[in-house]
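Structure file structure26.cif; described as mmCIF, C-alpha atoms and all ligand atoms.
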data_protein
#
loop_
_atom_site.label_atom_id
_atom_site.label_comp_id
_atom_site.auth_asym_id
_atom_site.auth_seq_id
_atom_site.Cartn_x
_atom_site.Cartn_y
_atom_site.Cartn_z
CA MET A 1 87.35 54.85 43.70
CA THR A 2 85.98 51.54 42.43
CA ALA A 3 84.84 48.78 44.75
CA PRO A 4 87.45 46.02 45.24
CA THR A 5 87.30 43.32 42.55
CA ASP A 6 88.87 39.85 42.40
CA THR A 7 91.57 40.02 39.74
CA ARG A 8 92.20 36.83 37.78
CA THR A 9 95.25 36.26 35.59
CA LEU A 10 94.77 33.83 32.69
CA PRO A 11 97.45 32.63 30.26
CA TYR A 12 96.88 33.65 26.63
CA GLY A 13 94.74 31.16 24.69
CA ASP A 14 91.32 30.75 23.08
CA ALA A 15 89.48 30.28 26.38
CA ALA A 16 91.16 33.31 27.96
CA MET A 17 90.40 35.51 24.95
CA ALA A 18 86.75 34.39 24.95
CA GLU A 19 86.49 35.43 28.60
CA ALA A 20 88.22 38.71 27.88
CA ALA A 21 85.77 39.42 25.04
CA ALA A 22 82.87 38.67 27.40
CA VAL A 23 84.22 41.17 29.96
CA ILE A 24 84.57 43.81 27.21
CA ALA A 25 81.05 43.10 25.89
CA ALA A 26 79.70 43.57 29.42
CA GLY A 27 81.32 47.02 29.59
CA GLY A 28 84.32 45.99 31.71
CA CYS A 29 88.04 46.44 31.18
CA VAL A 30 90.76 43.84 30.65
CA ALA A 31 94.55 44.09 30.83
CA VAL A 32 96.11 42.67 27.69
CA PRO A 33 99.66 42.73 26.30
CA THR A 34 100.63 44.67 23.20
CA GLU A 35 104.07 44.64 21.55
CA THR A 36 104.97 47.77 23.58
CA VAL A 37 103.51 47.51 27.08
CA TYR A 38 100.42 45.92 28.66
CA GLY A 39 97.28 47.95 27.96
CA LEU A 40 94.01 48.28 29.90
CA ALA A 41 91.36 47.83 27.22
CA ALA A 42 87.67 48.71 27.11
CA ASP A 43 85.04 49.28 24.40
CA ALA A 44 85.87 52.73 22.98
CA THR A 45 82.27 53.25 21.87
CA ASP A 46 80.89 52.83 25.42
CA ALA A 47 81.34 55.88 27.66
CA ASN A 48 80.71 53.89 30.84
CA ALA A 49 83.28 51.27 29.89
CA VAL A 50 85.84 54.01 29.17
CA ALA A 51 85.00 55.67 32.49
CA GLY A 52 85.94 52.33 34.08
CA ILE A 53 89.47 52.66 32.66
CA TYR A 54 89.88 56.15 34.12
CA ALA A 55 88.53 54.94 37.47
CA ALA A 56 90.79 51.85 37.65
CA LYS A 57 93.89 53.88 36.76
CA GLY A 58 92.97 56.89 38.88
CA ARG A 59 93.74 58.88 35.74
CA PRO A 60 92.91 62.60 35.42
CA SER A 61 90.03 62.88 32.96
CA PHE A 62 91.81 65.45 30.78
CA ASN A 63 94.27 62.80 29.60
CA PRO A 64 92.96 61.23 26.36
CA LEU A 65 93.39 57.54 25.45
CA ILE A 66 94.73 55.67 22.41
CA VAL A 67 92.14 53.82 20.31
CA HIS A 68 93.30 50.38 19.07
CA VAL A 69 91.81 48.93 15.88
CA PRO A 70 92.55 45.77 13.85
CA ASP A 71 93.57 47.49 10.60
CA ARG A 72 93.69 50.76 8.64
CA GLN A 73 90.17 50.27 7.25
CA ALA A 74 88.82 50.27 10.79
CA ALA A 75 90.97 53.30 11.64
CA GLU A 76 89.55 55.25 8.69
CA LYS A 77 86.06 54.90 10.18
CA ILE A 78 87.28 56.85 13.21
CA ALA A 79 89.91 59.33 11.97
CA LEU A 80 90.43 61.43 8.84
CA PHE A 81 93.49 60.19 6.96
CA ASP A 82 95.52 62.37 4.62
CA ARG A 83 98.38 61.23 2.40
CA ASP A 84 100.98 61.31 5.18
CA ALA A 85 98.72 59.33 7.50
CA ARG A 86 98.18 56.64 4.85
CA ALA A 87 101.90 56.45 4.11
CA LEU A 88 102.76 56.00 7.80
CA ALA A 89 99.96 53.48 8.37
CA ASP A 90 101.11 51.42 5.40
CA ALA A 91 104.74 51.56 6.49
CA PHE A 92 104.40 50.91 10.22
CA TRP A 93 101.05 49.22 10.98
CA PRO A 94 100.58 46.84 12.60
CA GLY A 95 103.20 48.13 15.00
CA PRO A 96 104.24 50.59 17.69
CA LEU A 97 103.17 53.84 15.98
CA THR A 98 100.26 55.99 17.21
CA LEU A 99 98.86 58.65 14.90
CA VAL A 100 97.02 61.69 16.24
CA LEU A 101 94.56 62.63 13.51
CA PRO A 102 91.38 64.71 13.13
CA LEU A 103 88.43 62.82 14.62
CA ARG A 104 85.73 62.02 12.07
CA PRO A 105 82.56 63.89 13.03
CA ASP A 106 80.59 60.65 12.55
CA ALA A 107 83.02 58.45 14.53
CA ALA A 108 81.29 56.20 17.06
CA ILE A 109 83.82 56.95 19.82
CA ALA A 110 82.87 57.98 23.35
CA GLY A 111 83.80 61.63 24.02
CA LEU A 112 85.68 60.52 27.11
CA VAL A 113 88.24 58.69 24.94
CA THR A 114 89.46 61.91 23.35
CA ALA A 115 88.77 63.96 26.48
CA GLY A 116 86.66 66.19 24.24
CA LEU A 117 89.48 66.98 21.76
CA GLU A 118 88.78 67.17 18.02
CA THR A 119 91.66 64.79 17.39
CA VAL A 120 92.02 61.10 18.16
CA ALA A 121 95.10 59.00 18.88
CA ILE A 122 94.86 55.70 17.01
CA ARG A 123 97.01 52.66 16.35
CA VAL A 124 96.95 49.13 14.92
CA PRO A 125 98.83 46.89 17.37
CA GLN A 126 100.79 43.87 16.28
CA HIS A 127 100.55 41.63 19.34
CA ARG A 128 98.55 38.41 18.96
CA ALA A 129 96.66 38.90 22.23
CA MET A 130 95.49 42.46 21.46
CA GLN A 131 94.67 41.47 17.88
CA ALA A 132 92.67 38.47 19.14
CA LEU A 133 90.77 40.69 21.57
CA LEU A 134 89.98 43.22 18.82
CA ALA A 135 88.68 40.41 16.60
CA ALA A 136 86.60 38.82 19.37
CA ALA A 137 85.20 42.13 20.67
CA GLY A 138 84.42 43.52 17.20
CA LYS A 139 84.81 47.03 18.64
CA PRO A 140 87.59 49.62 18.71
CA LEU A 141 89.31 49.36 22.08
CA ALA A 142 90.55 52.30 24.10
CA ALA A 143 93.68 51.24 25.97
CA PRO A 144 96.17 53.24 28.01
CA SER A 145 99.08 51.47 29.66
CA ALA A 146 97.76 49.13 32.37
CA ASN A 147 99.25 50.86 35.41
CA ALA A 148 97.96 53.25 38.04
CA SER A 149 98.21 56.80 36.70
CA GLY A 150 101.69 58.29 37.11
CA SER A 151 103.52 55.02 37.81
CA ILE A 152 105.80 52.91 35.61
CA SER A 153 104.31 51.19 32.54
CA PRO A 154 103.88 47.40 32.81
CA THR A 155 105.82 45.02 30.58
CA ARG A 156 104.69 41.87 32.44
CA ALA A 157 101.38 40.57 33.80
CA ALA A 158 102.88 40.66 37.31
CA HIS A 159 103.50 44.42 36.97
CA VAL A 160 99.82 44.89 36.11
CA ALA A 161 98.72 42.77 39.06
CA ALA A 162 100.95 44.76 41.44
CA SER A 163 99.60 48.09 40.19
CA LEU A 164 95.93 47.36 39.43
CA GLY A 165 95.21 44.11 41.33
CA GLY A 166 91.84 44.37 43.09
CA ARG A 167 90.72 47.09 40.67
CA ILE A 168 90.23 45.14 37.41
CA PRO A 169 88.64 41.72 36.80
CA LEU A 170 91.03 40.11 34.31
CA ILE A 171 94.66 40.12 33.17
CA ILE A 172 95.73 38.17 30.06
CA ASP A 173 99.30 36.92 30.59
CA ASP A 174 101.34 36.40 27.42
CA GLY A 175 104.78 36.90 28.92
CA ALA A 176 107.04 39.93 28.78
CA THR A 177 106.31 42.38 25.97
CA SER A 178 108.89 42.45 23.17
CA GLY A 179 109.17 46.23 22.70
CA GLY A 180 109.08 47.40 26.29
CA ILE A 181 108.54 51.10 25.54
CA GLU A 182 105.29 52.83 24.61
CA SER A 183 104.50 53.55 20.97
CA THR A 184 105.92 56.53 19.11
CA ILE A 185 103.22 59.24 18.84
CA VAL A 186 103.07 61.49 15.77
CA ALA A 187 100.47 64.23 15.22
CA LEU A 188 99.46 64.96 11.61
CA GLY A 189 97.10 67.54 10.17
CA GLY A 190 99.01 70.81 10.16
CA SER A 191 102.76 70.42 10.36
CA PRO A 192 103.73 66.89 11.50
CA ARG A 193 104.97 66.69 15.09
CA LEU A 194 106.60 64.05 17.26
CA LEU A 195 104.57 64.03 20.50
CA ARG A 196 106.34 61.07 22.14
CA PRO A 197 109.55 59.33 21.02
CA GLY A 198 109.23 55.55 20.88
CA PRO A 199 110.30 52.34 19.16
CA ILE A 200 109.90 53.84 15.67
CA ALA A 201 112.56 56.50 15.23
CA ALA A 202 111.65 60.03 14.14
CA GLU A 203 114.10 59.66 11.23
CA ALA A 204 112.22 56.61 9.90
CA ILE A 205 108.99 58.62 9.95
CA GLU A 206 110.63 61.58 8.22
CA ARG A 207 111.91 59.27 5.47
CA GLU A 208 108.39 57.96 4.87
CA ILE A 209 106.65 61.36 4.64
CA GLY A 210 109.57 63.24 3.10
CA ARG A 211 109.26 66.06 5.65
CA TRP A 212 110.85 67.06 8.95
CA LEU A 213 108.98 66.29 12.14
CA GLY A 214 108.57 69.11 14.63
CA ARG A 215 109.75 67.97 18.03
CA GLY A 216 107.71 70.23 20.28
CA ALA A 217 110.52 72.81 20.36
CA ASP A 218 108.03 75.40 21.61
CA GLY A 219 107.85 73.37 24.82
CA LYS A 220 104.07 73.13 24.72
CA VAL A 221 102.70 69.93 26.26
CA GLU A 222 100.51 68.41 23.57
CA ALA A 223 100.38 64.85 24.82
CA PRO A 224 99.77 64.86 28.57
CA GLY A 225 102.13 61.87 28.64
CA GLN A 226 104.79 64.50 27.99
CA LEU A 227 104.27 65.97 31.45
CA ALA A 228 107.72 66.03 33.04
CA SER A 229 107.17 63.43 35.76
CA HIS A 230 104.96 60.91 34.01
CA TYR A 231 106.89 57.67 34.43
CA ALA A 232 107.96 57.99 38.03
CA PRO A 233 109.23 55.26 40.33
CA SER A 234 108.69 56.04 44.02
CA LYS A 235 112.45 56.60 44.65
CA PRO A 236 114.88 59.30 43.50
CA VAL A 237 116.59 58.42 40.22
CA ARG A 238 120.14 59.55 39.33
CA LEU A 239 121.06 59.43 35.63
CA GLU A 240 124.39 59.15 33.79
CA ALA A 241 125.82 57.24 36.74
CA THR A 242 129.10 55.41 36.14
CA GLU A 243 129.38 54.03 39.70
CA ARG A 244 126.96 52.90 42.36
CA CYS A 245 126.82 54.98 45.56
CA ALA A 246 125.89 53.45 48.93
CA ASP A 247 122.09 53.06 49.29
CA GLU A 248 121.61 52.97 45.52
CA TRP A 249 120.29 50.24 43.25
CA MET A 250 122.33 50.45 40.09
CA ILE A 251 120.91 49.76 36.63
CA GLY A 252 123.82 49.09 34.30
CA PHE A 253 124.29 49.29 30.55
CA GLY A 254 127.19 48.12 28.38
CA ALA A 255 130.50 48.34 30.24
CA VAL A 256 128.84 49.92 33.31
CA ALA A 257 127.75 47.01 35.51
CA GLY A 258 124.91 47.18 38.02
CA ASN A 259 122.66 45.16 40.32
CA ASP A 260 120.77 44.67 37.11
CA THR A 261 121.71 45.49 33.52
CA LEU A 262 119.63 46.79 30.63
CA SER A 263 122.02 45.17 28.17
CA ALA A 264 125.50 43.91 29.03
CA LYS A 265 126.40 43.93 25.33
CA GLY A 266 125.20 47.52 24.90
CA ASP A 267 122.23 46.65 22.66
CA LEU A 268 119.66 49.50 22.76
CA THR A 269 116.73 47.38 21.56
CA GLU A 270 117.35 44.88 24.35
CA ALA A 271 117.68 47.79 26.78
CA ALA A 272 114.30 49.22 25.72
CA ALA A 273 112.61 45.85 26.20
CA ARG A 274 114.04 45.60 29.73
CA LEU A 275 113.76 49.22 30.86
CA PHE A 276 110.46 49.25 32.75
CA ASP A 277 111.06 45.78 34.18
CA ALA A 278 114.39 47.05 35.55
CA LEU A 279 112.74 50.16 37.00
CA HIS A 280 110.06 47.99 38.67
CA ARG A 281 112.77 45.78 40.20
CA ALA A 282 114.75 48.80 41.36
CA ASP A 283 111.63 50.26 42.95
CA ASP A 284 110.90 46.94 44.70
CA SER A 285 114.48 46.61 46.03
CA ASP A 286 115.58 47.64 49.53
CA ALA A 287 117.79 50.43 48.16
CA ALA A 288 116.80 54.02 48.94
CA ALA A 289 117.61 55.40 45.49
CA ILE A 290 118.14 54.33 41.90
CA ALA A 291 121.16 55.05 39.68
CA VAL A 292 121.17 54.44 35.93
CA ALA A 293 124.20 54.12 33.64
CA PRO A 294 124.53 56.49 30.65
CA ILE A 295 122.52 55.40 27.60
CA PRO A 296 123.64 56.57 24.13
CA ASP A 297 121.18 59.14 22.76
CA ILE A 298 120.74 57.52 19.35
CA GLY A 299 117.96 55.42 17.77
CA ILE A 300 115.66 53.94 20.39
CA GLY A 301 118.13 55.28 23.00
CA ILE A 302 116.35 58.64 22.51
CA ALA A 303 113.08 57.07 23.69
CA ILE A 304 114.86 55.33 26.60
CA ASN A 305 116.43 58.62 27.73
CA ASP A 306 113.07 60.38 27.34
CA ARG A 307 111.48 57.88 29.79
CA LEU A 308 114.50 58.01 32.13
CA MET A 309 114.39 61.81 32.28
CA ARG A 310 110.74 61.65 33.31
CA ALA A 311 111.52 58.92 35.85
CA ALA A 312 114.23 61.16 37.37
CA HIS A 313 112.04 64.27 37.50
CA ARG A 314 110.39 64.83 40.88
O1 LIG B 1 102.30 51.68 23.37
C1 LIG B 1 101.32 52.34 23.69
O2 LIG B 1 100.98 53.38 23.11
C2 LIG B 1 100.48 51.83 24.89
C3 LIG B 1 99.79 50.53 24.46
C4 LIG B 1 98.87 50.01 25.52
O3 LIG B 1 99.14 50.72 23.24
N1 LIG B 1 99.52 52.80 25.29
C5 LIG B 1 99.87 53.96 25.90
O4 LIG B 1 98.79 54.71 26.26
O5 LIG B 1 101.01 54.29 26.13
P1 LIG B 1 98.84 55.90 27.30
O6 LIG B 1 97.43 56.27 27.57
O7 LIG B 1 99.64 55.53 28.48
O8 LIG B 1 99.49 57.06 26.50
C6 LIG B 1 98.74 57.71 25.50
C7 LIG B 1 99.34 59.04 25.16
C8 LIG B 1 99.17 60.01 26.29
O9 LIG B 1 100.37 60.74 26.45
C9 LIG B 1 98.05 60.89 25.76
O10 LIG B 1 98.11 62.16 26.31
C10 LIG B 1 98.32 60.89 24.29
O11 LIG B 1 98.67 59.57 24.03
N2 LIG B 1 97.14 61.22 23.50
C11 LIG B 1 96.00 60.52 23.38
N3 LIG B 1 95.11 61.16 22.59
C12 LIG B 1 95.70 62.29 22.18
C13 LIG B 1 95.31 63.37 21.35
N4 LIG B 1 94.11 63.42 20.76
N5 LIG B 1 96.19 64.38 21.15
C14 LIG B 1 97.42 64.34 21.72
N6 LIG B 1 97.85 63.35 22.52
C15 LIG B 1 97.01 62.34 22.76
MG MG B 2 100.91 55.44 30.34
#

Reformat the file's structure so that it appears as structure tokens.
Ligand code: TXA
Ligand code: MG
Amino acid sequence: MTAPTDTRTLPYGDAAMAEAAAVIAAGGCVAVPTETVYGLAADATDANAVAGIYAAKGRPSFNPLIVHVPDRQAAEKIALFDRDARALADAFWPGPLTLVLPLRPDAAIAGLVTAGLETVAIRVPQHRAMQALLAAAGKPLAAPSANASGSISPTRAAHVAASLGGRIPLIIDDGATSGGIESTIVALGGSPRLLRPGPIAAEAIEREIGRWLGRGADGKVEAPGQLASHYAPSKPVRLEATERCADEWMIGFGAVAGNDTLSAKGDLTEAAARLFDALHRADDSDAAAIAVAPIPDIGIGIAINDRLMRAAHR
């Protein structure tokens, strides 16, 4: 447990980013938006700073973190890139793709970031706030989603404040994130595998590398984020619901209306951007349980259903 801290929220801007960089330089952690969800960033080269992330989140130490860097050149100082890795980086960075690659033996990354693994998860984010922080800090930044371990990922500064308020010094507020779902994670080196579905579809990755992606058919948990109940609201969640039962908060989609809707016009990208916000609202409502309309299992709908299945698992 960390001692209580005053948490300040500052709107994105030069002054806010300068303060954020100062917190990072002093070994602290800062919540900052990315194009997927808000992240809790700290200097990835500083073991104490990284320990601060684990402490603030209450995260089990076996769960490794994603390293964020400004560009592929910076990534190549940390991970070993093969042809597939370069092709994917060129096609999808900056953007919501995380690559799990062999860690360079000479990489200046704290062992706590990779939880002692010989691989590292790395990505180049697109969001202006995270890019500004990377530039100002001049260090790779380890950043998991900025929520207490096991709870719903934050897509707004207010979600971060509700989950981690009093445990971190600073939140940079740049509005709701555009993507709304965590990055796609692909492991390379050996046969390529999809570790977490996300905004970039598996098919788009397969087209780029000209090979099929394994989808963890052996059921082995490779990314701890794949643990069945990772994205859990505090209430029971019923999926594929076409009607609201008494005591339920209904999250609609398309023709199925609800107290809230992911997308009235049935747009999956809009639904992804709103998913966690809707789950937060459902959790905060007076209803005893949550019902969610069926979501088509295509495109980013696969990632939405992946998160919903975990939310429903108890
Ligand atoms: O969109 C995102 O990826 C957000 C933003 C903040 O960048 N971050 C995020 O981080 O979702 P986090 O820590 O909540 O999820 C990271 C996932 C976890 O499931 C972790 O187990 C997996 O990445 N991971 C990290 N390093 C790994 C490694 N070396 N091998 C396999 N999985 C790894
Ligand atoms: Mg997370």

Given 6 Å and only C-alpha atoms and all ligand atoms, residues near ligand MG 2 (chain B) as a tab-separated table (two decimals) with C-alpha atoms, in the frame of the given file:
chain	number	residue	atom	x	y	z
A	144	PRO	CA	96.17	53.24	28.01
A	145	SER	CA	99.08	51.47	29.66
A	153	SER	CA	104.31	51.19	32.54

Mind pulling up the distance from CA of Ile295 (chain A) to CA of Ala161 (chain A)?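 The value is 29.3 Å.
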
Give me, as CSV, each residue of region 114-138 of chain A that comes within 12 Å of region 185-206 of chain A, together with its shortest interatomic pair and the distance in Å at one decimal, counting only C-alpha atoms, with rows ordered by chain and rising residue number.
residue,atom,partner,partner_atom,distance
A:Glu118,CA,A:Gly189,CA,11.4
A:Thr119,CA,A:Ala187,CA,9.1
A:Val120,CA,A:Ala187,CA,9.5
A:Ala121,CA,A:Ile185,CA,8.1
A:Ile122,CA,A:Ile185,CA,9.3
A:Arg123,CA,A:Ile185,CA,9.4

| When you draw a straight line from CA of Ala107 (chain A) to CA of Leu134 (chain A), how long is it in Å? |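 Distance between the two atoms: 17.3 Å.
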
Pick from A:Ala74, A:Ala288, A:Ala136, A:Asp267, whichever lies nearest to Ala15 (chain A) using only C-alpha atoms: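 When distances to Ala15 (chain A) are compared using only C-alpha atoms, the smallest one comes from A:Ala136.
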
Counting all atoms listed in the file, the residue among A:Ile209, A:Leu65, A:Ala31, A:Ala287 that lies closest to ligand LIG 1 (chain B) is A:Leu65

Expressed in Å, the length from CA of Ile181 (chain A) to CA of Ala108 (chain A) is 29.0 Å

Margin query: Could you list, as a list in words, every residue within 9 Å of Ala142 (chain A), counting only C-alpha atoms and ignoring same-chain residues fewer than 4 positions away?
Written below: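 Near neighbours after the sequence-gap exclusion: Gly39, Leu40, Ala41, Ala42, Asp43, Ala44, Thr45, Val50, Ile53, Leu65, Ile66, Val67, His68, Val69, Val113 and Ile122 of chain A.
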
Of the residues A:Ile251, A:Val237, A:Ile24, A:Val124, which is the one nearest to Ser183 (chain A), using all atoms listed in the file?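 Result for the nearest residue to Ser183 (chain A): A:Val124.
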
_Measuring between all atoms listed in the file, which one of A:Gln73, A:Ser149, A:Asn305, A:Thr261 shows the shortest distance to ligand LIG 1 (chain B)?_
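Closest candidate: A:Ser149.
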
Exercise for the section: Identify which of the residues A:Asp82, A:Glu182, A:Asp106, A:Asp6 lies closest to ligand LIG 1 (chain B), counting all atoms listed in the file when measuring atom-to-atom distances. Expected result: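 Once distances to ligand LIG 1 (chain B) are computed over all atoms listed in the file, the minimum belongs to A:Glu182.
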
- Name the closest residue to Ile300 (chain A) among the candidates A:Trp93, A:Gly180, A:Ile152, A:Lys235; distances are taken between atoms, counting all atoms listed in the file.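 Of the candidates, the smallest distance to Ile300 (chain A) is held by A:Gly180.
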